[in-house]
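Here the structure comes first, spelled out in structure tokens, and everything after it is commentary.
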Amino acid sequence: MRRSPKGSALFVFGVAALLIATACSSNNGSSSSSSPSGAVKKGGTYRSATSSFGFVGDFDPVGEYTAVGFSYYQMLLRTLLNYTGQAGAAGLVPHPDLATDMGTVSPDGLTYTYHLKSGIKFGPPINREITSSDIKYAFERIDSSSLVAQYAFYYDGVIQGMQQHSGPPKNISGIDTPDPQTIVFHLTTPTSDFPARLTLAATAPVPQEVAKCFTKPSGGYGNDIVSSGPYMIQGADQMDPSSCSTIKPMSGYDPTSHLILVRNPNWDQSTDNLRKAYVNGLNMSIDSNVDDIFNKISSGSLDGSFYEIPPPTVLQKYSTDSSLKPYLHVDPQNTTYYISMNLLVPPFDDIHVRKAVNWIIDKSAIQKAWGGPSTGTIAGHIMPPSMADLGADYNPYGTPGNQGDLAKAEAEMKQSKYDPGKTGKCTASVCSGIILLNRNEPPWTDAEAGIVADLAKIGINVKAREMESGAAYQTIDTVKSGAQVGISMNPRWGADYGDPNTFAQPLFSSDSLIPVGTSNYSMVGMTSSMAKKFGVSYPAGGVPSADSQINACLPKTGQDRTTCFQGVDKYLMEDVVPWVPMFWANQVTITSPTVTNWAFDQFTGFIALQNIAVSNTATP
Amino acid sequence: MRQDQSIRSDRVEVEPGEAPAGQSSIGKTPWQLFWRRFKKDKVALVGGVVIIALIVIAILAPLIAKMVGHGPNELFDSATNEFGLPVGPSAKFWFGADRSGRDVFVRTIYGARTSLAVAFLATGIATLIGVTLGLIAGYLAGSVDMVISRIIDVVLSLPLLLFALGISAACSVSKNGCLHGLVQPGLRLVVFIIALFTWPYLARIVRGQVLSLREREFIEASHSMGAGEWRIMFADILPNLAAPIIVYTTLIIPSNILFEAALSFLGVGIPQTTPSWGRMLSDASNSQMFTYAWWMMLFPGLFLLITTLAFNLVGDGLRDALDPRSRR
């Protein structure tokens, strides 16, 4: 998710009932007048536009690691297990999809066995039944390093025999396919969230006869995805799979202009109880002018928005006009927007400075920059309410109105070695000229002035650097260049699936500290020997680690696991303090009256394209 | 003064009808002649007054901000509504507020500082480089001229905006910027980029002028009296170039102000917390904010327009007054 420039992350676990209530306030019933007697009508096309696809894996499911990509895959691909495409906690519980049931686990927790439903076929032009070896082949693709499977870490080292190698996909010893309907996974270590990992699109069945032709993501399988779900890319039936040289990109997908999906004639509703597939298709075009997108929705030439954050003017219009309010859909995404402090960079190597920063930041101003309360809930701690809910009451740096508290910040700063005169300000020379990294787009730029001013109140004088979001991520995900940046407000993080560990290990474990491509931007758990290896300087006072706390939770299951990760969140907030959590984002979607059945997919954090219905008669 | 003699040697001609009838044309210095002509150009004079006013405003910006009671980066919670939309012009915020809740009036005033500082600094550096290299190329000619002229060709053929974007992206990545800290992100980088792309224009003009000047008799005379090459270049030729240099420098300033605005508009270089007209215009166009908050675009836009117009008018006036032969 982290690399996703726009689409944030995926989902979560156990969304608080309260949040669900707010989330649903604007949906289902609101447009029932156009769907008489509660029956939702099939047909029509969901016409939408997006400022860019923002794909980070060229739309090849093996490596595509954006929530927006996952949204399209919910229409195109089926996995062993998947989700119901609804809002709230229920939307994060895996259900059997290609599998007949939730599978069987051996008593030692090391062997998972799944049986496939019979009669499920690939879409055109393959048209044959999906077998367990097609799923195994998807795993083999994950390990072919040239295909760049960005979340391979969920499988490598977990399934026996899985590790990255150069060269084409090859057999994996830990996955057995005793017959075409059965697949058995042998794990190296008990992994209680393993079933959730089988919901991710990289594990969807892939027909070898097409995919073998593609050895790298660019210009590859993303242009010729063979459907297993209710929809396929337009023109899929025109593709000639007889040999690699005859395979041409399908006409319905052009990364620079459009994605058009139409019904897959081989999909059978009776085998799929997760997807309603009301619409006949999807027409997603690229329109770099976000304002134009919302104008077109308002005029009815588009049916709704996708991931774009509505500009504040649009938000105000739809929030205050009661006739428009039914078309404003606000759903908690369970993504955390945060400020990351680099624990290697003075003065942020001192926990008192980090705590003082937590006290001083005016989070309500940040929320306003994003467009007000509908865009998110102010975050009191790291994990969103749905991951491992510590509750709204737990807010160790809570201030009245969330506007920051200078007195408390100064009291904390006085304990710092960078305030030898006990003035309440950071007075050492390292407190000036610190680089603050930001994105160069609104609303990030709108929030920058407030953060810079807040930091100056406690003597921390920063130089703001603004970069395009991808470049900003690359700067801090490379340990060496990240060490130039003291504090960054560009990142956000969303969980990959409904387990709190997706909010712990990737972000705060020393395991995830790699020279390039780390997501532990705060460098939590860095040791002096690692620092030497990476070529960065190491603070005399050392760097706190959360490894033992996180590792203790990994074998746990159920409520124990949740409680354990709540403890990790607390420990991070009070004893490590790597972040200033800003807010937990909502996805705000605007639809036109043509959308007669609204649905939100908690898994992707966006509109559930597989479950919405429209009243238009447009063809894809 | 040396300039007087040199210029006289080159181009002082009393225009027919310029000296009032019945008065013998007493020797007037070229500067007196220039001032007489310039004074008559009311439009240019107005431009000059505007520029002086802007400079005064820029210098007094902190004082003005103090009188208003708002800092350029001070945020006012009351200046935005619950959706983060800014309030319009009022008694408290004369030019309204921006998305972050800052006073647009105070930022516009401070923006004059950025625009003028960048314009003068960048133009100054560009003039220094351009004139020096142009002189050397034109006077020494031969292979030196070829090398410098080719460098000019290369720089002029670079895709200016793309290159500027590239440099600022590259120099923004590391803490110390480029060239061992000489080029730092922010104001310095913008000045560097603008100077880099402006000097060749001046160098070309100077080179052309020098090529014709170096064949003149007074240069030969200087030579025969044993003057060194550097002395001839800088003491004999340079003063004769005062007029074109002044005119072109004045005309380059407004284009550099616009260049700075363009760079800031594109979001490279100057950070959000440094008030700049270009940056303010870009903030106003983000999310089409101007459709709601017209004041975010109008005021910085107006100041930008007035400033560039004033410099252009003065530049034209200077050209007419310094070089009457070129009058259109």
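Starting from 1 in every chain, residues are counted up; chains themselves are A, B, ... following the order of the structure tokens, and ligands are numbered from 1 as listed.
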
If you count only C-alpha atoms, which residues fall within 10 Å of segment 240-254 of chain B, apart from same-chain ones fewer than 6 positions away, as number ranges by chain? B: 3-11, 115-116, 118-124, 126-127, 130-131, 135, 198-199, 201-203, 205-206, 209-210, 213, 234, 260, 304-305, 307-323

Go ahead and write the residues just picked, N, CA and C atoms, as a short mmCIF file (atom, residue, chain, number, x, y, z; two decimals), in the first residue's frame.
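Final output, again_30.cif:
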```cif
data_model
loop_
_atom_site.label_atom_id
_atom_site.label_comp_id
_atom_site.auth_asym_id
_atom_site.auth_seq_id
_atom_site.Cartn_x
_atom_site.Cartn_y
_atom_site.Cartn_z
N GLN B 3 33.13 57.16 -18.19
CA GLN B 3 32.01 56.78 -19.04
C GLN B 3 31.65 57.91 -19.99
N ASP B 4 31.67 59.10 -19.42
CA ASP B 4 31.24 60.25 -20.21
C ASP B 4 32.08 60.38 -21.47
N GLN B 5 33.40 60.34 -21.26
CA GLN B 5 34.27 60.48 -22.43
C GLN B 5 34.01 59.38 -23.45
N SER B 6 33.94 58.18 -22.93
CA SER B 6 33.82 57.06 -23.86
C SER B 6 32.51 57.13 -24.62
N ILE B 7 31.48 57.39 -23.89
CA ILE B 7 30.20 57.41 -24.57
C ILE B 7 30.19 58.54 -25.58
N ARG B 8 30.75 59.63 -25.17
CA ARG B 8 30.77 60.75 -26.09
C ARG B 8 31.52 60.34 -27.34
N SER B 9 32.58 59.66 -27.15
CA SER B 9 33.37 59.26 -28.31
C SER B 9 32.56 58.38 -29.24
N ASP B 10 31.59 57.73 -28.71
CA ASP B 10 30.86 56.79 -29.56
C ASP B 10 29.57 57.35 -30.11
N ARG B 11 28.73 57.81 -29.20
CA ARG B 11 27.38 57.98 -29.73
C ARG B 11 26.68 59.26 -29.35
N SER B 115 9.40 38.05 -4.87
CA SER B 115 9.46 38.30 -6.31
C SER B 115 10.60 39.26 -6.64
N LEU B 116 10.70 40.35 -5.89
CA LEU B 116 11.72 41.34 -6.21
C LEU B 116 13.12 40.79 -5.89
N VAL B 118 14.14 37.68 -5.86
CA VAL B 118 14.53 36.72 -6.89
C VAL B 118 14.87 37.44 -8.19
N ALA B 119 14.01 38.40 -8.55
CA ALA B 119 14.20 39.08 -9.82
C ALA B 119 15.53 39.82 -9.82
N PHE B 120 15.82 40.59 -8.78
CA PHE B 120 17.05 41.37 -8.77
C PHE B 120 18.28 40.48 -8.65
N LEU B 121 18.20 39.50 -7.74
CA LEU B 121 19.37 38.62 -7.54
C LEU B 121 19.67 37.84 -8.81
N ALA B 122 18.64 37.19 -9.34
CA ALA B 122 18.86 36.34 -10.51
C ALA B 122 19.32 37.19 -11.68
N THR B 123 18.67 38.34 -11.87
CA THR B 123 19.04 39.20 -12.99
C THR B 123 20.45 39.73 -12.79
N GLY B 124 20.79 40.07 -11.55
CA GLY B 124 22.14 40.57 -11.25
C GLY B 124 23.19 39.53 -11.62
N ALA B 126 22.83 36.96 -13.59
CA ALA B 126 22.80 36.70 -15.03
C ALA B 126 23.53 37.82 -15.77
N THR B 127 23.35 39.07 -15.35
CA THR B 127 23.99 40.19 -16.02
C THR B 127 25.50 40.09 -15.87
N GLY B 130 26.62 37.17 -18.02
CA GLY B 130 26.35 37.44 -19.44
C GLY B 130 27.28 38.50 -19.99
N VAL B 131 27.44 39.60 -19.25
CA VAL B 131 28.27 40.70 -19.75
C VAL B 131 29.73 40.27 -19.82
N LEU B 135 31.56 40.00 -23.35
CA LEU B 135 32.71 40.85 -23.61
C LEU B 135 33.90 40.03 -24.08
N THR B 198 19.14 32.81 -18.03
CA THR B 198 18.99 34.18 -18.51
C THR B 198 20.27 34.77 -19.07
N TRP B 199 21.42 34.35 -18.53
CA TRP B 199 22.66 35.02 -18.95
C TRP B 199 22.94 34.93 -20.44
N TYR B 201 21.16 35.32 -23.05
CA TYR B 201 20.54 36.38 -23.85
C TYR B 201 21.41 37.63 -23.81
N LEU B 202 21.84 38.00 -22.56
CA LEU B 202 22.68 39.17 -22.42
C LEU B 202 24.02 38.97 -23.09
N ALA B 203 24.58 37.78 -22.90
CA ALA B 203 25.89 37.52 -23.47
C ALA B 203 25.86 37.70 -24.99
N ILE B 205 23.81 39.59 -26.80
CA ILE B 205 23.67 40.99 -27.17
C ILE B 205 25.00 41.72 -26.99
N VAL B 206 25.64 41.48 -25.83
CA VAL B 206 26.91 42.16 -25.55
C VAL B 206 27.95 41.75 -26.58
N GLN B 209 27.49 43.62 -29.83
CA GLN B 209 27.90 45.02 -29.73
C GLN B 209 29.42 45.15 -29.72
N VAL B 210 30.06 44.25 -28.97
CA VAL B 210 31.52 44.32 -28.85
C VAL B 210 32.18 44.07 -30.21
N LEU B 213 32.16 47.26 -31.88
CA LEU B 213 32.93 48.30 -31.18
C LEU B 213 34.45 48.09 -31.33
N PHE B 234 37.30 46.26 -20.35
CA PHE B 234 36.46 46.71 -19.24
C PHE B 234 36.46 48.22 -19.06
N GLU B 260 9.94 33.10 -12.02
CA GLU B 260 9.86 32.67 -10.62
C GLU B 260 8.43 32.24 -10.30
N LEU B 304 1.20 40.80 -9.42
CA LEU B 304 2.14 40.27 -10.41
C LEU B 304 2.03 41.04 -11.71
N LEU B 305 0.78 41.28 -12.11
CA LEU B 305 0.53 42.01 -13.34
C LEU B 305 1.11 43.42 -13.26
N THR B 307 3.40 44.64 -11.33
CA THR B 307 4.85 44.66 -11.23
C THR B 307 5.51 44.44 -12.58
N THR B 308 5.07 43.42 -13.29
CA THR B 308 5.71 43.14 -14.58
C THR B 308 5.42 44.27 -15.56
N LEU B 309 4.22 44.79 -15.50
CA LEU B 309 3.86 45.90 -16.39
C LEU B 309 4.76 47.10 -16.11
N ALA B 310 4.94 47.41 -14.83
CA ALA B 310 5.76 48.57 -14.47
C ALA B 310 7.19 48.40 -14.97
N PHE B 311 7.75 47.22 -14.77
CA PHE B 311 9.12 47.01 -15.23
C PHE B 311 9.21 47.09 -16.75
N ASN B 312 8.21 46.57 -17.43
CA ASN B 312 8.23 46.63 -18.89
C ASN B 312 8.14 48.06 -19.39
N LEU B 313 7.27 48.85 -18.74
CA LEU B 313 7.12 50.24 -19.17
C LEU B 313 8.42 51.01 -18.95
N VAL B 314 9.02 50.81 -17.78
CA VAL B 314 10.27 51.49 -17.49
C VAL B 314 11.34 51.03 -18.48
N GLY B 315 11.36 49.75 -18.75
CA GLY B 315 12.35 49.22 -19.70
C GLY B 315 12.21 49.86 -21.06
N ASP B 316 10.97 49.94 -21.53
CA ASP B 316 10.73 50.58 -22.83
C ASP B 316 11.17 52.03 -22.80
N GLY B 317 10.79 52.71 -21.71
CA GLY B 317 11.15 54.12 -21.58
C GLY B 317 12.66 54.30 -21.60
N LEU B 318 13.35 53.44 -20.90
CA LEU B 318 14.81 53.52 -20.85
C LEU B 318 15.40 53.33 -22.23
N ARG B 319 14.84 52.37 -22.96
CA ARG B 319 15.38 52.10 -24.28
C ARG B 319 15.20 53.32 -25.18
N ASP B 320 14.00 53.87 -25.13
CA ASP B 320 13.75 55.04 -25.96
C ASP B 320 14.67 56.19 -25.59
N ALA B 321 14.89 56.36 -24.30
CA ALA B 321 15.65 57.51 -23.86
C ALA B 321 17.15 57.32 -24.08
N LEU B 322 17.62 56.10 -23.88
CA LEU B 322 19.06 55.86 -24.01
C LEU B 322 19.50 55.71 -25.44
N ASP B 323 18.61 55.21 -26.26
CA ASP B 323 19.00 54.90 -27.63
C ASP B 323 17.93 55.39 -28.58
#
```

Quick one: which residues from chain A are at most 6 Å off chain B, using only C-alpha atoms, as a list in words? Pro311, Pro312, Lys368, Ala369, Gly371, Gly372, Asp446, Ala449 and Gln484 of chain A

Can you list, as a ChimeraX atom specification, every residue of segment 55-238 of chain B that DSSP puts in strand (DSSP E or B)? /B:80,86,97,103,178,183

Selected residues written out, N, CA and C atoms, as a compact mmCIF listing (two decimals), in the first residue's frame:
```txt
# COMPACT_ATOMS: atom_id res chain seq x y z
N THR B 80 -11.04 29.98 8.41
CA THR B 80 -11.58 28.91 7.58
C THR B 80 -12.82 28.34 8.25
N PRO B 86 -11.78 29.09 3.06
CA PRO B 86 -11.36 30.37 3.63
C PRO B 86 -12.44 31.45 3.56
N ALA B 97 -8.64 35.28 3.18
CA ALA B 97 -7.69 34.31 3.73
C ALA B 97 -7.47 33.19 2.73
N ASP B 103 -3.49 35.25 6.19
CA ASP B 103 -3.96 36.52 5.65
C ASP B 103 -3.37 36.75 4.26
N CYS B 178 22.67 20.92 -4.12
CA CYS B 178 23.66 20.54 -5.13
C CYS B 178 24.93 21.37 -4.96
N VAL B 183 23.94 25.41 -4.08
CA VAL B 183 22.58 25.49 -4.59
C VAL B 183 21.66 24.75 -3.63
```

Neighbour list for Val479 of chain A as a PyMOL selection string, cut-off 12 Å, only C-alpha atoms, skip fewer than 2 positions in-chain: chain A and resi 342-345+473-477+481-485+512-524+526+530-537

The selected residues should be written to file as a compact mmCIF listing (two decimals), in the first residue's frame (atoms: N, CA and C atoms).
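Listed below is the output, result.txt:
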```
# COMPACT_ATOMS: atom_id res chain seq x y z
N ASN A 342 12.19 10.52 12.27
CA ASN A 342 13.29 9.58 12.08
C ASN A 342 14.12 9.50 13.36
N LEU A 343 14.11 8.32 13.97
CA LEU A 343 14.76 8.15 15.27
C LEU A 343 16.27 8.25 15.21
N LEU A 344 16.83 8.30 13.99
CA LEU A 344 18.28 8.42 13.86
C LEU A 344 18.71 9.89 13.80
N VAL A 345 17.76 10.77 13.54
CA VAL A 345 18.12 12.15 13.22
C VAL A 345 17.89 13.06 14.43
N TYR A 473 8.05 9.14 -1.21
CA TYR A 473 8.14 7.81 -0.61
C TYR A 473 9.54 7.23 -0.82
N GLN A 474 10.06 7.37 -2.03
CA GLN A 474 11.37 6.80 -2.31
C GLN A 474 12.46 7.42 -1.46
N THR A 475 12.30 8.71 -1.14
CA THR A 475 13.30 9.37 -0.31
C THR A 475 13.36 8.75 1.07
N ILE A 476 12.19 8.47 1.66
CA ILE A 476 12.24 7.95 3.03
C ILE A 476 12.26 6.43 3.07
N ASP A 477 11.97 5.75 1.97
CA ASP A 477 12.05 4.29 2.06
C ASP A 477 13.45 3.79 1.73
N SER A 481 18.97 7.99 2.22
CA SER A 481 18.41 9.31 1.93
C SER A 481 17.39 9.69 2.99
N GLY A 482 16.74 8.68 3.59
CA GLY A 482 15.78 8.97 4.66
C GLY A 482 16.45 9.62 5.85
N ALA A 483 17.75 9.33 6.05
CA ALA A 483 18.46 9.89 7.19
C ALA A 483 18.72 11.38 7.04
N GLN A 484 18.47 11.91 5.84
CA GLN A 484 18.58 13.36 5.63
C GLN A 484 17.32 14.07 6.10
N VAL A 485 16.26 13.30 6.26
CA VAL A 485 14.95 13.87 6.54
C VAL A 485 14.63 13.63 8.02
N SER A 512 11.80 -5.30 8.92
CA SER A 512 11.43 -4.58 7.69
C SER A 512 12.44 -3.48 7.35
N LEU A 513 13.51 -3.38 8.13
CA LEU A 513 14.55 -2.40 7.80
C LEU A 513 15.46 -2.98 6.72
N ILE A 514 15.24 -2.54 5.48
CA ILE A 514 16.09 -2.96 4.37
C ILE A 514 16.63 -1.69 3.73
N PRO A 515 17.80 -1.76 3.08
CA PRO A 515 18.43 -0.52 2.59
C PRO A 515 17.52 0.30 1.69
N VAL A 516 16.79 -0.38 0.80
CA VAL A 516 15.89 0.33 -0.12
C VAL A 516 14.53 -0.33 -0.05
N GLY A 517 13.50 0.47 0.11
CA GLY A 517 12.15 -0.08 0.09
C GLY A 517 11.61 -0.45 1.45
N THR A 518 12.16 0.12 2.51
CA THR A 518 11.62 -0.16 3.83
C THR A 518 10.32 0.62 4.02
N SER A 519 9.45 0.10 4.88
CA SER A 519 8.28 0.90 5.24
C SER A 519 8.37 1.32 6.70
N ASN A 520 9.49 0.97 7.34
CA ASN A 520 9.75 1.41 8.71
C ASN A 520 10.49 2.74 8.63
N TYR A 521 9.75 3.79 8.25
CA TYR A 521 10.38 5.08 7.97
C TYR A 521 10.98 5.72 9.22
N SER A 522 10.51 5.31 10.40
CA SER A 522 11.02 5.89 11.63
C SER A 522 12.29 5.19 12.09
N MET A 523 12.64 4.09 11.47
CA MET A 523 13.84 3.32 11.79
C MET A 523 13.75 2.71 13.19
N VAL A 524 12.54 2.32 13.60
CA VAL A 524 12.37 1.70 14.90
C VAL A 524 13.10 0.35 14.91
N MET A 526 16.41 -0.06 14.87
CA MET A 526 17.73 -0.01 14.22
C MET A 526 18.82 -0.23 15.28
N MET A 530 23.55 -2.43 12.34
CA MET A 530 22.78 -2.24 11.10
C MET A 530 23.06 -0.86 10.52
N ALA A 531 23.13 0.14 11.40
CA ALA A 531 23.38 1.50 10.94
C ALA A 531 24.70 1.57 10.20
N LYS A 532 25.69 0.84 10.73
CA LYS A 532 27.00 0.83 10.09
C LYS A 532 26.90 0.22 8.69
N LYS A 533 26.12 -0.89 8.62
CA LYS A 533 25.95 -1.58 7.35
C LYS A 533 25.25 -0.68 6.32
N PHE A 534 24.24 0.06 6.79
CA PHE A 534 23.48 0.92 5.88
C PHE A 534 24.21 2.23 5.58
N GLY A 535 25.28 2.51 6.35
CA GLY A 535 26.03 3.74 6.12
C GLY A 535 25.35 4.99 6.65
N VAL A 536 24.66 4.84 7.78
CA VAL A 536 24.05 6.03 8.39
C VAL A 536 24.59 6.17 9.81
N SER A 537 24.57 7.40 10.32
CA SER A 537 25.10 7.59 11.67
C SER A 537 24.05 7.17 12.71
```

Residues at most 6 Å from Asn611 of chain A, counting only C-alpha atoms, excluding those fewer than 3 positions away in the same chain, as a VMD selection string? chain A and resid 276 to 277 599 608
